[in-house]
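K.L.:
Below: one structure in C-alpha cells.
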Amino acid sequence: MKIKYNLDKSTLHVYFIGELDECTASKTREIIDGLISDINGIKKVVFNLSELTFMDSTGIGVFIGRYKKFKSKNIAVFVENPSKTVDKILQISGLYKIMPAV
Amino acid sequence: MKNKFKINFSSISENEAFARNVVASFILPLNPTLSEISDVKTAVSEAVTNAIVHGYPDSVGEIELTAELDGFDLHIEIKDDGVGIDDLKKALEPFYSTKFESERSGMGFTIMKTFMDDVSVSSKKNGGTVVKLSKKIIDENAR
C-alpha cells in the first residue's frame, strides 16, 4: 500500500494505491494520522480510492477509526472513486453515512 | 471439470494476499467476471484474516485452505486449530467484534455472506474453527 497526498487550500486529498487488508492496515493508519498531525489548518479530507485495488473489512475499521479521529478535530471526511467491489463494501457497512461520496 | 487443491500456511498477515490470490488463480479457467473474482478474493481474505487475528491471537499457527471445483460450483474451506469462537451467534452478527479497541469493524462474516452464495461456520472452544464458503461461478462466455 502506498499513500500519496496533496493539499488544496484546507482540503487534504489522500490517494490509496494498492491493497488495504490486515497486513497493510497499521502502516496506512500511521501515515494518514501523521499527515493530519503534521499539517495545520485541514478542514476537509477526501479519500481517493480509484487505485485501491483491494479492500476487506479491515479497511472499514481503518476508515471508521480515521473518521472518529478527524471528527474530534472538526475535520470532515469524504470518499471518491471506489471500485465496484469496494463500493459494495462501503455500502453494506453504512460507511457512506459518515463519509459521503463526492 | 473436477479440480481440487489443499495448502497449509503460517498464520501471518502477509499470507492474506497469498491465500486470496491462490484461490483467484484456481478459478481462472472458468472465465469468471472481474466482479466474481473480487467477491471470492474478499470472502477468502475475511476468513483467513479471522483465523490469523482471532484464531491465533498470541501465536503463529497453521491455516489449511482447501478449494474444490465441481463444474461451476466452488467450495472453499478455511480451517485453523486456534482458540475457537466463544459466542458464534454473536460473531455472525454485523458490527460485532471482540477487538473493537484495535479498530476492527465486525463486518467480516457479513461480507462473506454478501459475496458468497453460502457460508457456514463451525467452531469449538480451543478446538479451532472451520469456515466453508460456496459460490457458483458462471462462465462469462455462456452469457
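The way I read the labels, and the way they are meant: chains A, B, ... in the order of the C-alpha cells, residue 1 as the first residue of every chain, and ligand 1 as the first ligand shown, with later ones counted on from there.
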If we count only C-alpha atoms and set the cut-off at 12 Å, which residues sit around Val23 in chain B, ignoring sequence neighbours fewer than 6 positions away in its own chain? Please answer as a list in words.

P.N.:
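Residues near the query, excluding close chain neighbours: Lys4, Phe5, Lys6, Ile7, Glu16, Ala17, Pro29, Glu36, Ile37, Ser38, Asp39, Val40, Lys41, Thr42, Ala43, Val44, Ser45, Val48, Leu65, Thr66, Ala67, Glu68, Leu69, Leu74, His75, Ile76, Glu77, Ile78 and Leu133 of chain B.
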
K.L.:
Fewer than 5 positions away in the same chain doesn't count, so skip those; otherwise give me all residues within 9 Å of range 72-88 of chain A, counting only C-alpha atoms, as a list in words.

P.N.:
Ile42, Lys43, Lys44, Val45, Val46, Phe47, Asn48, Leu49, Ser50, Glu51, Leu52, Thr53, Phe54, Met55, Asp56, Arg66, Tyr67, Ser93, Tyr96, Ile98, Met99, Pro100, Ala101 and Val102 of chain A; Ser35, Ser38, Asp39 and Thr42 of chain B

K.L.:
Suppose we keep N, CA, C and O atoms; can you now write the selection as a CSV table (one decimal), in the first residue's frame?

P.N.:
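For reference, again-v1.csv as written:
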chain,number,residue,atom,x,y,z
A,42,ILE,N,-6.2,21.8,8.3
A,42,ILE,CA,-7.0,21.0,7.5
A,42,ILE,C,-8.5,21.0,8.0
A,42,ILE,O,-8.7,20.8,9.1
A,43,LYS,N,-9.4,21.3,7.0
A,43,LYS,CA,-10.8,21.3,7.4
A,43,LYS,C,-11.5,20.1,6.8
A,43,LYS,O,-12.6,19.7,7.2
A,44,LYS,N,-11.0,19.6,5.7
A,44,LYS,CA,-11.7,18.5,5.0
A,44,LYS,C,-10.6,17.5,4.4
A,44,LYS,O,-9.6,17.9,3.9
A,45,VAL,N,-11.0,16.2,4.5
A,45,VAL,CA,-10.1,15.2,3.9
A,45,VAL,C,-10.9,14.4,2.9
A,45,VAL,O,-12.1,14.0,3.1
A,46,VAL,N,-10.4,14.2,1.7
A,46,VAL,CA,-11.0,13.4,0.7
A,46,VAL,C,-10.1,12.1,0.4
A,46,VAL,O,-9.0,12.3,0.0
A,47,PHE,N,-10.7,11.0,0.7
A,47,PHE,CA,-10.0,9.7,0.4
A,47,PHE,C,-10.3,9.3,-1.0
A,47,PHE,O,-11.4,9.0,-1.4
A,48,ASN,N,-9.3,9.4,-1.9
A,48,ASN,CA,-9.5,8.9,-3.3
A,48,ASN,C,-9.1,7.4,-3.4
A,48,ASN,O,-8.0,7.0,-3.1
A,49,LEU,N,-10.1,6.6,-3.8
A,49,LEU,CA,-10.0,5.2,-3.8
A,49,LEU,C,-9.8,4.6,-5.2
A,49,LEU,O,-9.9,3.4,-5.4
A,50,SER,N,-9.6,5.5,-6.2
A,50,SER,CA,-9.6,4.9,-7.6
A,50,SER,C,-8.5,3.9,-7.8
A,50,SER,O,-8.6,3.1,-8.6
A,51,GLU,N,-7.4,4.0,-7.0
A,51,GLU,CA,-6.3,3.0,-7.2
A,51,GLU,C,-6.2,2.0,-6.0
A,51,GLU,O,-5.2,1.4,-5.8
A,52,LEU,N,-7.3,1.9,-5.2
A,52,LEU,CA,-7.4,0.9,-4.2
A,52,LEU,C,-7.9,-0.3,-4.8
A,52,LEU,O,-9.0,-0.5,-5.1
A,53,THR,N,-6.9,-1.3,-5.1
A,53,THR,CA,-7.3,-2.5,-5.9
A,53,THR,C,-7.9,-3.6,-5.0
A,53,THR,O,-8.5,-4.5,-5.6
A,54,PHE,N,-7.8,-3.5,-3.7
A,54,PHE,CA,-8.4,-4.5,-2.9
A,54,PHE,C,-8.7,-3.9,-1.5
A,54,PHE,O,-7.8,-3.2,-1.0
A,55,MET,N,-9.8,-4.3,-0.9
A,55,MET,CA,-10.1,-3.9,0.5
A,55,MET,C,-11.0,-4.9,1.1
A,55,MET,O,-12.0,-5.4,0.4
A,56,ASP,N,-10.8,-5.3,2.4
A,56,ASP,CA,-11.8,-6.1,3.1
A,56,ASP,C,-12.2,-5.4,4.3
A,56,ASP,O,-12.0,-4.2,4.5
A,66,ARG,N,-10.3,6.5,11.4
A,66,ARG,CA,-9.9,7.8,10.9
A,66,ARG,C,-11.0,8.8,11.1
A,66,ARG,O,-10.8,9.9,11.5
A,67,TYR,N,-12.2,8.4,10.8
A,67,TYR,CA,-13.4,9.3,10.9
A,67,TYR,C,-13.5,9.8,12.3
A,67,TYR,O,-13.7,11.0,12.5
A,93,SER,N,-21.6,-1.6,4.8
A,93,SER,CA,-21.1,-1.3,6.2
A,93,SER,C,-21.7,0.1,6.6
A,93,SER,O,-21.4,0.5,7.7
A,96,TYR,N,-21.0,5.2,4.0
A,96,TYR,CA,-21.3,6.5,3.3
A,96,TYR,C,-22.1,7.5,4.2
A,96,TYR,O,-22.1,8.7,3.9
A,98,ILE,N,-21.3,8.3,7.2
A,98,ILE,CA,-20.4,9.1,7.9
A,98,ILE,C,-19.3,9.7,7.0
A,98,ILE,O,-18.7,10.8,7.3
A,99,MET,N,-19.1,9.1,5.8
A,99,MET,CA,-18.1,9.6,4.9
A,99,MET,C,-18.8,9.6,3.5
A,99,MET,O,-18.7,8.7,2.7
A,100,PRO,N,-19.5,10.7,3.2
A,100,PRO,CA,-20.3,10.8,1.9
A,100,PRO,C,-19.3,10.7,0.7
A,100,PRO,O,-18.2,11.1,0.8
A,101,ALA,N,-19.9,10.2,-0.4
A,101,ALA,CA,-19.2,10.2,-1.6
A,101,ALA,C,-19.2,11.6,-2.2
A,101,ALA,O,-20.2,12.3,-2.1
A,102,VAL,N,-18.1,12.0,-2.9
A,102,VAL,CA,-18.1,13.3,-3.5
A,102,VAL,C,-18.1,13.1,-5.0
A,102,VAL,O,-17.7,12.1,-5.5
B,35,SER,N,-15.9,-9.1,-11.3
B,35,SER,CA,-16.6,-8.9,-10.0
B,35,SER,C,-16.7,-10.2,-9.3
B,35,SER,O,-16.6,-10.3,-8.0
B,38,SER,N,-13.3,-10.6,-7.6
B,38,SER,CA,-13.2,-9.8,-6.4
B,38,SER,C,-14.0,-10.3,-5.2
B,38,SER,O,-13.6,-10.2,-4.1
B,39,ASP,N,-15.2,-10.8,-5.5
B,39,ASP,CA,-16.1,-11.3,-4.5
B,39,ASP,C,-15.4,-12.4,-3.7
B,39,ASP,O,-15.4,-12.5,-2.5
B,42,THR,N,-12.4,-11.3,-1.7
B,42,THR,CA,-12.7,-10.6,-0.5
B,42,THR,C,-13.2,-11.6,0.6
B,42,THR,O,-12.7,-11.5,1.8

K.L.:
Report as a list in words the set of chain A residues whose atoms approach chain B to within 7 Å, with distances computed over only C-alpha atoms.

P.N.:
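The selection requested is Glu22, Cys23, Asp56, Ser57, Thr58, Ile60, Gly61, Val62, Gly65 and Thr85 of chain A.
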
K.L.:
Output the selection as an mmCIF file, in the first residue's frame - N, CA, C and O atoms for each residue.

P.N.:
data_model
loop_
_atom_site.group_PDB
_atom_site.id
_atom_site.type_symbol
_atom_site.label_atom_id
_atom_site.label_comp_id
_atom_site.auth_asym_id
_atom_site.auth_seq_id
_atom_site.Cartn_x
_atom_site.Cartn_y
_atom_site.Cartn_z
ATOM 1 N N GLU A 22 -5.448 -6.551 6.574
ATOM 2 C CA GLU A 22 -4.846 -6.614 7.908
ATOM 3 C C GLU A 22 -3.335 -6.355 7.855
ATOM 4 O O GLU A 22 -2.756 -5.722 8.729
ATOM 5 N N CYS A 23 -2.730 -6.839 6.769
ATOM 6 C CA CYS A 23 -1.277 -6.746 6.629
ATOM 7 C C CYS A 23 -0.801 -5.308 6.416
ATOM 8 O O CYS A 23 0.251 -4.920 6.895
ATOM 9 N N ASP A 56 -10.811 -5.265 2.372
ATOM 10 C CA ASP A 56 -11.778 -6.105 3.083
ATOM 11 C C ASP A 56 -12.241 -5.370 4.337
ATOM 12 O O ASP A 56 -12.017 -4.168 4.473
ATOM 13 N N SER A 57 -12.867 -6.090 5.277
ATOM 14 C CA SER A 57 -13.479 -5.401 6.425
ATOM 15 C C SER A 57 -12.450 -4.725 7.327
ATOM 16 O O SER A 57 -12.791 -3.814 8.074
ATOM 17 N N THR A 58 -11.191 -5.147 7.240
ATOM 18 C CA THR A 58 -10.148 -4.440 7.986
ATOM 19 C C THR A 58 -10.094 -2.976 7.536
ATOM 20 O O THR A 58 -9.887 -2.073 8.337
ATOM 21 N N ILE A 60 -12.632 -1.203 6.501
ATOM 22 C CA ILE A 60 -13.751 -0.476 7.124
ATOM 23 C C ILE A 60 -13.325 0.033 8.493
ATOM 24 O O ILE A 60 -13.573 1.185 8.849
ATOM 25 N N GLY A 61 -12.643 -0.854 9.248
ATOM 26 C CA GLY A 61 -12.147 -0.464 10.568
ATOM 27 C C GLY A 61 -11.187 0.717 10.489
ATOM 28 O O GLY A 61 -11.255 1.631 11.299
ATOM 29 N N VAL A 62 -10.314 0.692 9.482
ATOM 30 C CA VAL A 62 -9.362 1.791 9.292
ATOM 31 C C VAL A 62 -10.112 3.101 8.994
ATOM 32 O O VAL A 62 -9.821 4.144 9.578
ATOM 33 N N GLY A 65 -12.045 4.331 12.109
ATOM 34 C CA GLY A 65 -11.069 4.857 13.066
ATOM 35 C C GLY A 65 -10.599 6.259 12.694
ATOM 36 O O GLY A 65 -10.502 7.146 13.541
ATOM 37 N N THR A 85 -16.385 -3.290 -6.292
ATOM 38 C CA THR A 85 -16.371 -4.151 -5.106
ATOM 39 C C THR A 85 -16.181 -3.337 -3.827
ATOM 40 O O THR A 85 -16.862 -3.567 -2.832
#

K.L.:
Compare A:Ile3, A:Leu90, A:Ile64, A:Leu95 by their minimum atom-to-atom distance to Thr24 in chain A, counting only C-alpha atoms, and give me the closest one.

P.N.:
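So, comparing all the options, the nearest one is A:Ile3.
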
K.L.:
Run DSSP on the backbone and tell me which residues of chain B come out as helix (DSSP H, G or I); list them as a PyMOL selection string.

P.N.:
chain B and resi 14-30+34-55+88-91+100-102+108-115+140-142

K.L.:
Which residue out of A:Lys68, A:Leu12, A:Gly59, A:Gly18 has the minimum interatomic distance to Gly41 in chain A when only C-alpha atoms are used?

P.N.:
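For Gly41 in chain A, the nearest of the given residues is A:Leu12.
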
K.L.:
Once DSSP has gone over the backbone, tell me which residues of chain A are in strand (DSSP E or B), as number ranges by chain.

P.N.:
A: 2-8, 11-20, 44-48, 52-55, 76-80, 101

K.L.:
Closest to Leu35 in chain A among A:Asp8, A:Lys97, A:Val14, A:Lys69, using only C-alpha atoms?

P.N.:
A:Val14

K.L.:
Which residue gives the smallest distance to Gly61 in chain B among B:Asn8, B:Ser97, B:Pro32, B:Lys113, with only C-alpha atoms counted?

P.N.:
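Result for the nearest residue to Gly61 in chain B: B:Asn8.
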
K.L.:
So how far away is CA of Ile32 in chain A from CA of Phe18 in chain B, in Å?

P.N.:
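Those two atoms sit 25.6 Å apart.
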
K.L.:
When you draw a straight line from CA of Ser25 in chain B to CA of Lys132 in chain B, how long is it in Å?

P.N.:
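Interatomic distance, CA of Ser25 in chain B to CA of Lys132 in chain B: 18.8 Å.
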
K.L.:
Please provide as a list of chain:residue names all residues within 9 Å of Thr129 in chain B, with the sequence filter that same-chain residues fewer than 5 positions apart are discarded (counting only C-alpha atoms).

P.N.:
B:Ala51, B:Gly55, B:Ile78, B:Lys79, B:Asp80, B:Asp81, B:Gly82, B:Val83, B:Gly84, B:Ile85, B:Val121, B:Ser122, B:Ser123, B:Lys124

K.L.:
Put those residues in a file: C-alpha atoms, as a CSV table (one decimal), in the first residue's frame.

P.N.:
chain,number,residue,atom,x,y,z
B,51,ALA,CA,-8.1,-17.2,11.5
B,55,GLY,CA,-7.9,-18.0,15.8
B,78,ILE,CA,-10.5,-22.4,5.7
B,79,LYS,CA,-9.5,-24.3,8.8
B,80,ASP,CA,-7.5,-23.3,11.8
B,81,ASP,CA,-6.6,-25.1,15.1
B,82,GLY,CA,-6.8,-22.0,17.1
B,83,VAL,CA,-8.7,-20.9,20.2
B,84,GLY,CA,-12.2,-21.1,18.6
B,85,ILE,CA,-15.1,-18.7,18.7
B,121,VAL,CA,-19.0,-21.8,10.3
B,122,SER,CA,-18.3,-24.4,13.0
B,123,SER,CA,-16.1,-23.7,16.0
B,124,LYS,CA,-15.2,-25.2,19.3
